[in-house]
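S.K.: Quick one: structure below, then a few questions.
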Amino acid sequence: MMRAAVGIWIFSAVICVGKSDHHFGHHQGDQDTALDSSANRVSLVTSANREFAFRLYRKLAAHADSQGKNIFFSPVSVSVALAALSVGARGETHRQLFSGLGFNNSVLTQTDIDQVFRTLLERANNTSNEDTSEGTAVFVDNRFKPRPEFLETLKQSYFADGFNVDFTKTTDSANTINRYVGEKTNGKIDKLVESLDPSTVMYLISYIYYKGKWATPFDPELTREDTFTVEENTKVPVQMMNMEKRFDTYYDQPINTSVLHLPFNNSYSMLLLLPGDMAELENAICQGHVTKWLKWMKPKTHDVYIPKFSIKTSYSLNDLLTEMGMTDMFGDRADFSGISEGQKLAVSDVVHQATLDVDEAGATASAATGIGITLMSFRHIPVLKFDRPFMVVITERSTENILFMGKIVNPNI
């Protein structure tokens, strides 16, 4: 029997960062235990999402295709897409998806996961403005009839838009998907799909778009041409923004990394990380570092320089997810009988695209950004200068949820 392909596409665009996993406050007095149980499930899932972010980053950084290149992705977007896929997975395929995402299946059921993601997506979209959106979409071939309960769960818990297409008309269906993606990302990602396999019966998409403005914008009059050192013998010209003010900073001595906190004018922040040794930082960084930095940062006057840049990344995640234990969904052992009992389905591709633009007003899309430190200007004001490879983490301050992360190796690529 020919196995039909299920494609998963994940894309994210952000103008500075944007999605929030708002957490629940402590319940006072004699509150309904169901609310406490719900809050606990949210806490378990958001904690798993954060750990997944760092595990996936390390896989991307270690991959041969990423060597010497910028890295940028939205772990939240990937988690949402794979959680939505797990709705239709059964048996070992489902167990691998849960394990790979960091969900403890002895504590959390699929229904729990669906309810939590509904809560997170609902709060992200309801508390944001027109510059932020998050959600999913499913494109189903006219000849293919998924289980109604699968589509209903995607609609109710993952706010999925549903579309019928004719995947045998590969150009038309690719154009349909690309138009949808372009609309959801304000044109930032306009060609997600290059080509389609005519045996495709379903495409599942997760998207996140955020436009953020710096709490304190940079003055364009102070932006000057400068040099960015990609590696010892490679330097490239950049437009370097500049600002002198009190910034929250932290020097993490055990991993020899300087951290700069740049808040947006909402509950999101960009953390820029300038390491003494990039490989050492990439191998060590975990959620505990972000918690420590946000807690112990202190305000101090710095002369800060950050390059303006615009980058775009594109990944096939098949190999990386296989390395993370999610193997069966790509081959003959795949069990997606929760999507359709009549056809044998397998995942053909898991693809992720992301974009980031950083300028004086804010950041457009998601990205990786970091810090450079030089001591002492003539006024004894420390200089933080992002003029060599650095990492970036975009986080929601109260929940410490990781929306985007990556590293900038070359701002001109």
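If you're wondering about the labels, chains in the structure tokens are A, B, ... by order shown, residues count from 1 in each chain, ligands from 1 in order shown.
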Would you mind writing down, as a ChimeraX atom specification, each residue of segment 31-211 of chain A that DSSP on the backbone assigns to alpha helix (DSSP H)?

M.R.: /A:33-62,75-86,91-101,110-126,148-158,170-184

S.K.: Write a file of the just-selected residues containing C-alpha atoms, as a tab-separated table (two decimals), in the first residue's frame.

M.R.:
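That gives us result.tsv:
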```tsv
chain	number	residue	atom	x	y	z
A	33	THR	CA	-8.76	22.43	43.28
A	34	ALA	CA	-9.50	22.06	39.56
A	35	LEU	CA	-7.96	25.49	39.03
A	36	ASP	CA	-4.85	24.47	40.95
A	37	SER	CA	-4.66	21.30	38.89
A	38	SER	CA	-4.99	23.34	35.70
A	39	ALA	CA	-2.24	25.71	36.82
A	40	ASN	CA	-0.02	22.73	37.59
A	41	ARG	CA	-0.58	21.29	34.11
A	42	VAL	CA	0.27	24.64	32.55
A	43	SER	CA	3.44	24.79	34.66
A	44	LEU	CA	4.48	21.25	33.63
A	45	VAL	CA	3.94	21.95	29.92
A	46	THR	CA	5.65	25.37	29.88
A	47	SER	CA	8.61	23.89	31.77
A	48	ALA	CA	8.85	21.08	29.19
A	49	ASN	CA	8.63	23.67	26.38
A	50	ARG	CA	11.54	25.63	27.85
A	51	GLU	CA	13.75	22.55	28.16
A	52	PHE	CA	12.81	21.50	24.61
A	53	ALA	CA	14.02	24.92	23.38
A	54	PHE	CA	17.55	24.37	24.66
A	55	ARG	CA	17.72	20.72	23.53
A	56	LEU	CA	16.66	21.69	20.01
A	57	TYR	CA	19.07	24.63	19.95
A	58	ARG	CA	21.99	22.33	20.81
A	59	LYS	CA	20.97	19.94	18.04
A	60	LEU	CA	20.83	22.81	15.54
A	61	ALA	CA	24.19	24.20	16.69
A	62	ALA	CA	25.90	20.80	16.44
A	75	PRO	CA	10.84	26.63	19.87
A	76	VAL	CA	7.27	27.57	20.81
A	77	SER	CA	6.20	27.26	17.17
A	78	VAL	CA	7.84	23.83	16.84
A	79	SER	CA	6.29	22.62	20.12
A	80	VAL	CA	2.80	23.71	19.05
A	81	ALA	CA	3.08	21.94	15.68
A	82	LEU	CA	4.33	18.67	17.17
A	83	ALA	CA	1.77	18.77	19.99
A	84	ALA	CA	-0.97	19.24	17.37
A	85	LEU	CA	0.44	16.29	15.40
A	86	SER	CA	0.42	14.13	18.55
A	91	GLY	CA	1.08	3.79	20.25
A	92	GLU	CA	4.85	4.09	20.05
A	93	THR	CA	4.63	7.04	17.64
A	94	HIS	CA	2.66	8.97	20.26
A	95	ARG	CA	5.02	7.93	23.06
A	96	GLN	CA	8.03	9.17	21.05
A	97	LEU	CA	6.39	12.53	20.33
A	98	PHE	CA	5.53	13.03	24.01
A	99	SER	CA	9.00	11.97	25.14
A	100	GLY	CA	10.73	14.14	22.53
A	101	LEU	CA	8.72	17.18	23.59
A	110	GLN	CA	-3.15	14.12	25.41
A	111	THR	CA	-6.29	15.89	26.64
A	112	ASP	CA	-4.19	17.72	29.25
A	113	ILE	CA	-1.74	18.84	26.55
A	114	ASP	CA	-4.56	20.00	24.29
A	115	GLN	CA	-6.18	22.00	27.11
A	116	VAL	CA	-2.90	23.67	28.08
A	117	PHE	CA	-2.03	24.69	24.53
A	118	ARG	CA	-5.56	26.06	24.14
A	119	THR	CA	-5.00	28.15	27.28
A	120	LEU	CA	-1.59	29.37	26.14
A	121	LEU	CA	-2.69	30.24	22.60
A	122	GLU	CA	-5.86	31.89	23.87
A	123	ARG	CA	-3.99	34.08	26.33
A	124	ALA	CA	-1.25	34.94	23.83
A	125	ASN	CA	-3.76	36.12	21.25
A	126	ASN	CA	-6.26	37.74	23.63
A	148	PRO	CA	-13.79	14.42	12.42
A	149	GLU	CA	-12.64	14.29	16.06
A	150	PHE	CA	-9.03	14.96	14.97
A	151	LEU	CA	-10.03	18.09	13.03
A	152	GLU	CA	-12.32	19.20	15.87
A	153	THR	CA	-9.50	18.98	18.44
A	154	LEU	CA	-7.19	20.97	16.16
A	155	LYS	CA	-9.87	23.60	15.77
A	156	GLN	CA	-10.86	23.80	19.45
A	157	SER	CA	-7.46	23.46	21.16
A	158	TYR	CA	-4.97	24.70	18.55
A	170	THR	CA	1.06	20.89	-6.74
A	171	THR	CA	1.66	24.47	-7.93
A	172	ASP	CA	-1.82	25.68	-7.02
A	173	SER	CA	-1.78	24.10	-3.59
A	174	ALA	CA	1.73	25.42	-2.85
A	175	ASN	CA	0.56	28.91	-3.82
A	176	THR	CA	-2.46	28.56	-1.52
A	177	ILE	CA	-0.25	27.64	1.44
A	178	ASN	CA	2.26	30.39	0.66
A	179	ARG	CA	-0.48	33.03	0.46
A	180	TYR	CA	-1.80	31.97	3.84
A	181	VAL	CA	1.66	32.06	5.41
A	182	GLY	CA	2.38	35.45	3.88
A	183	GLU	CA	-0.83	36.89	5.32
A	184	LYS	CA	-0.15	35.51	8.80
```

S.K.: What's the 7 Å shell around segment 239-244 of chain A, counting only C-alpha atoms, without same-chain residues fewer than 4 positions away, as a PyMOL selection string?

M.R.: chain A and resi 218+222-226+301-308+360

S.K.: Keeping only N, CA and C atoms, take the residues you just selected and write them out as a PDB file, in the first residue's frame.

M.R.:
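What ended up in selection-v3.pdb:
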```
ATOM      1  N   PHE A 218      16.399  53.276  19.950  1.00  0.00           N
ATOM      2  CA  PHE A 218      17.702  53.842  19.608  1.00  0.00           C
ATOM      3  C   PHE A 218      17.486  55.071  18.719  1.00  0.00           C
ATOM      4  N   LEU A 222      22.427  58.361  15.715  1.00  0.00           N
ATOM      5  CA  LEU A 222      23.665  57.846  16.316  1.00  0.00           C
ATOM      6  C   LEU A 222      24.165  56.567  15.644  1.00  0.00           C
ATOM      7  N   THR A 223      23.420  56.062  14.663  1.00  0.00           N
ATOM      8  CA  THR A 223      23.815  54.842  13.950  1.00  0.00           C
ATOM      9  C   THR A 223      24.951  55.158  12.984  1.00  0.00           C
ATOM     10  N   ARG A 224      26.021  54.368  13.047  1.00  0.00           N
ATOM     11  CA  ARG A 224      27.214  54.602  12.213  1.00  0.00           C
ATOM     12  C   ARG A 224      27.683  53.284  11.598  1.00  0.00           C
ATOM     13  N   GLU A 225      28.409  53.394  10.485  1.00  0.00           N
ATOM     14  CA  GLU A 225      29.030  52.195   9.918  1.00  0.00           C
ATOM     15  C   GLU A 225      30.155  51.738  10.832  1.00  0.00           C
ATOM     16  N   ASP A 226      30.227  50.426  11.036  1.00  0.00           N
ATOM     17  CA  ASP A 226      31.254  49.856  11.908  1.00  0.00           C
ATOM     18  C   ASP A 226      31.633  48.486  11.346  1.00  0.00           C
ATOM     19  N   THR A 301      25.014  52.125  34.047  1.00  0.00           N
ATOM     20  CA  THR A 301      25.184  52.879  32.804  1.00  0.00           C
ATOM     21  C   THR A 301      26.200  52.194  31.894  1.00  0.00           C
ATOM     22  N   HIS A 302      25.788  51.942  30.645  1.00  0.00           N
ATOM     23  CA  HIS A 302      26.670  51.361  29.635  1.00  0.00           C
ATOM     24  C   HIS A 302      26.523  52.121  28.328  1.00  0.00           C
ATOM     25  N   ASP A 303      27.571  52.060  27.532  1.00  0.00           N
ATOM     26  CA  ASP A 303      27.544  52.567  26.163  1.00  0.00           C
ATOM     27  C   ASP A 303      27.362  51.346  25.266  1.00  0.00           C
ATOM     28  N   VAL A 304      26.132  51.157  24.747  1.00  0.00           N
ATOM     29  CA  VAL A 304      25.767  49.918  24.061  1.00  0.00           C
ATOM     30  C   VAL A 304      25.764  50.101  22.547  1.00  0.00           C
ATOM     31  N   TYR A 305      26.343  49.125  21.845  1.00  0.00           N
ATOM     32  CA  TYR A 305      26.357  49.111  20.377  1.00  0.00           C
ATOM     33  C   TYR A 305      25.762  47.784  19.900  1.00  0.00           C
ATOM     34  N   ILE A 306      24.748  47.869  19.032  1.00  0.00           N
ATOM     35  CA  ILE A 306      24.102  46.673  18.483  1.00  0.00           C
ATOM     36  C   ILE A 306      23.962  46.855  16.976  1.00  0.00           C
ATOM     37  N   PRO A 307      24.338  45.852  16.181  1.00  0.00           N
ATOM     38  CA  PRO A 307      24.196  46.004  14.722  1.00  0.00           C
ATOM     39  C   PRO A 307      22.741  45.905  14.270  1.00  0.00           C
ATOM     40  N   LYS A 308      22.378  46.720  13.274  1.00  0.00           N
ATOM     41  CA  LYS A 308      21.112  46.515  12.567  1.00  0.00           C
ATOM     42  C   LYS A 308      21.296  45.314  11.644  1.00  0.00           C
ATOM     43  N   GLU A 360      16.404  50.451  14.895  1.00  0.00           N
ATOM     44  CA  GLU A 360      16.359  51.394  16.004  1.00  0.00           C
ATOM     45  C   GLU A 360      15.038  51.343  16.764  1.00  0.00           C
TER      46      GLU A 360
END
```

S.K.: Can you tell me which residues surround Pro254 of chain A at a distance of at most 12 Å, considering only C-alpha atoms, apart from same-chain residues fewer than 3 positions away, and format the answer as an mmCIF file with C-alpha atoms, in the first residue's frame?

M.R.:
```cif
data_model
loop_
_atom_site.group_PDB
_atom_site.id
_atom_site.type_symbol
_atom_site.label_atom_id
_atom_site.label_comp_id
_atom_site.auth_asym_id
_atom_site.auth_seq_id
_atom_site.Cartn_x
_atom_site.Cartn_y
_atom_site.Cartn_z
ATOM 1 C CA TYR A 251 28.273 38.825 34.028
ATOM 2 C CA THR A 257 29.371 35.344 29.354
ATOM 3 C CA SER A 258 28.118 38.923 29.502
ATOM 4 C CA PRO A 275 30.480 34.673 25.475
ATOM 5 C CA GLY A 276 34.220 34.344 25.849
ATOM 6 C CA ASP A 277 33.840 30.985 24.098
ATOM 7 C CA GLU A 280 31.224 26.626 25.905
ATOM 8 C CA LEU A 281 28.086 28.805 26.163
ATOM 9 C CA ALA A 284 26.152 24.923 29.015
ATOM 10 C CA ILE A 285 23.130 27.183 28.540
ATOM 11 C CA HIS A 289 20.674 30.531 33.410
#
```

S.K.: Please report the interatomic distance between atom CA of Asn104 of chain A and atom CA of Val393 of chain A in Å with one decimal.

M.R.: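 Between atom CA of Asn104 of chain A and atom CA of Val393 of chain A the gap is 25.5 Å.
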
S.K.: When you count only C-alpha atoms, which of these residues is closest to Lys298 of chain A: A:Leu271, A:Leu345, A:Met278, A:Tyr250?

M.R.: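 Going through A:Leu271, A:Leu345, A:Met278, A:Tyr250 one by one, the smallest distance to Lys298 of chain A is for A:Tyr250.
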
S.K.: From the options A:Val165, A:Ala89, A:Leu356, A:Leu320, which residue's atoms come nearest to Thr185 of chain A, counting only C-alpha atoms?

M.R.: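 So, comparing all the options, the nearest one is A:Leu356.
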
S.K.: What gap, in Å, lies between atom CA of Leu294 of chain A and atom CA of Leu262 of chain A?

M.R.: 11.2 Å

S.K.: As an exercise, work out the distance from atom CA of Phe73 of chain A to atom CA of Thr313 of chain A in Å and give it to one decimal place.

M.R.: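 Computing the Euclidean distance for atom CA of Phe73 of chain A and atom CA of Thr313 of chain A yields 7.6 Å.
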
S.K.: From the DSSP assignment of the backbone, select every residue of segment 92-340 of chain A that is strand (DSSP E or B), and format the answer as a PyMOL selection string.

M.R.: chain A and resi 132-141+160-165+200-214+224-231+234-252+257-264+268-275+298-307+309-316

S.K.: Pick the closest to Asn70 of chain A from A:Lys312, A:Lys235, A:Lys292, A:Arg397: which is it, counting only C-alpha atoms?

M.R.: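 Answer, going by the shortest atom-to-atom distance: A:Lys312.
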
S.K.: May I have the residues within 9 Å of Ser337 of chain A as JSON, numbers by chain, using only C-alpha atoms and disregarding those fewer than 6 positions away in the same chain?

M.R.: {"A": [88, 89, 90, 147, 343, 344, 345]}

S.K.: For Ser206 of chain A, which of A:Ala160, A:Ala346, A:Ile394, A:Ile339 is the closest residue, counting only C-alpha atoms?

M.R.: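 When distances to Ser206 of chain A are compared using only C-alpha atoms, the smallest one comes from A:Ala160.
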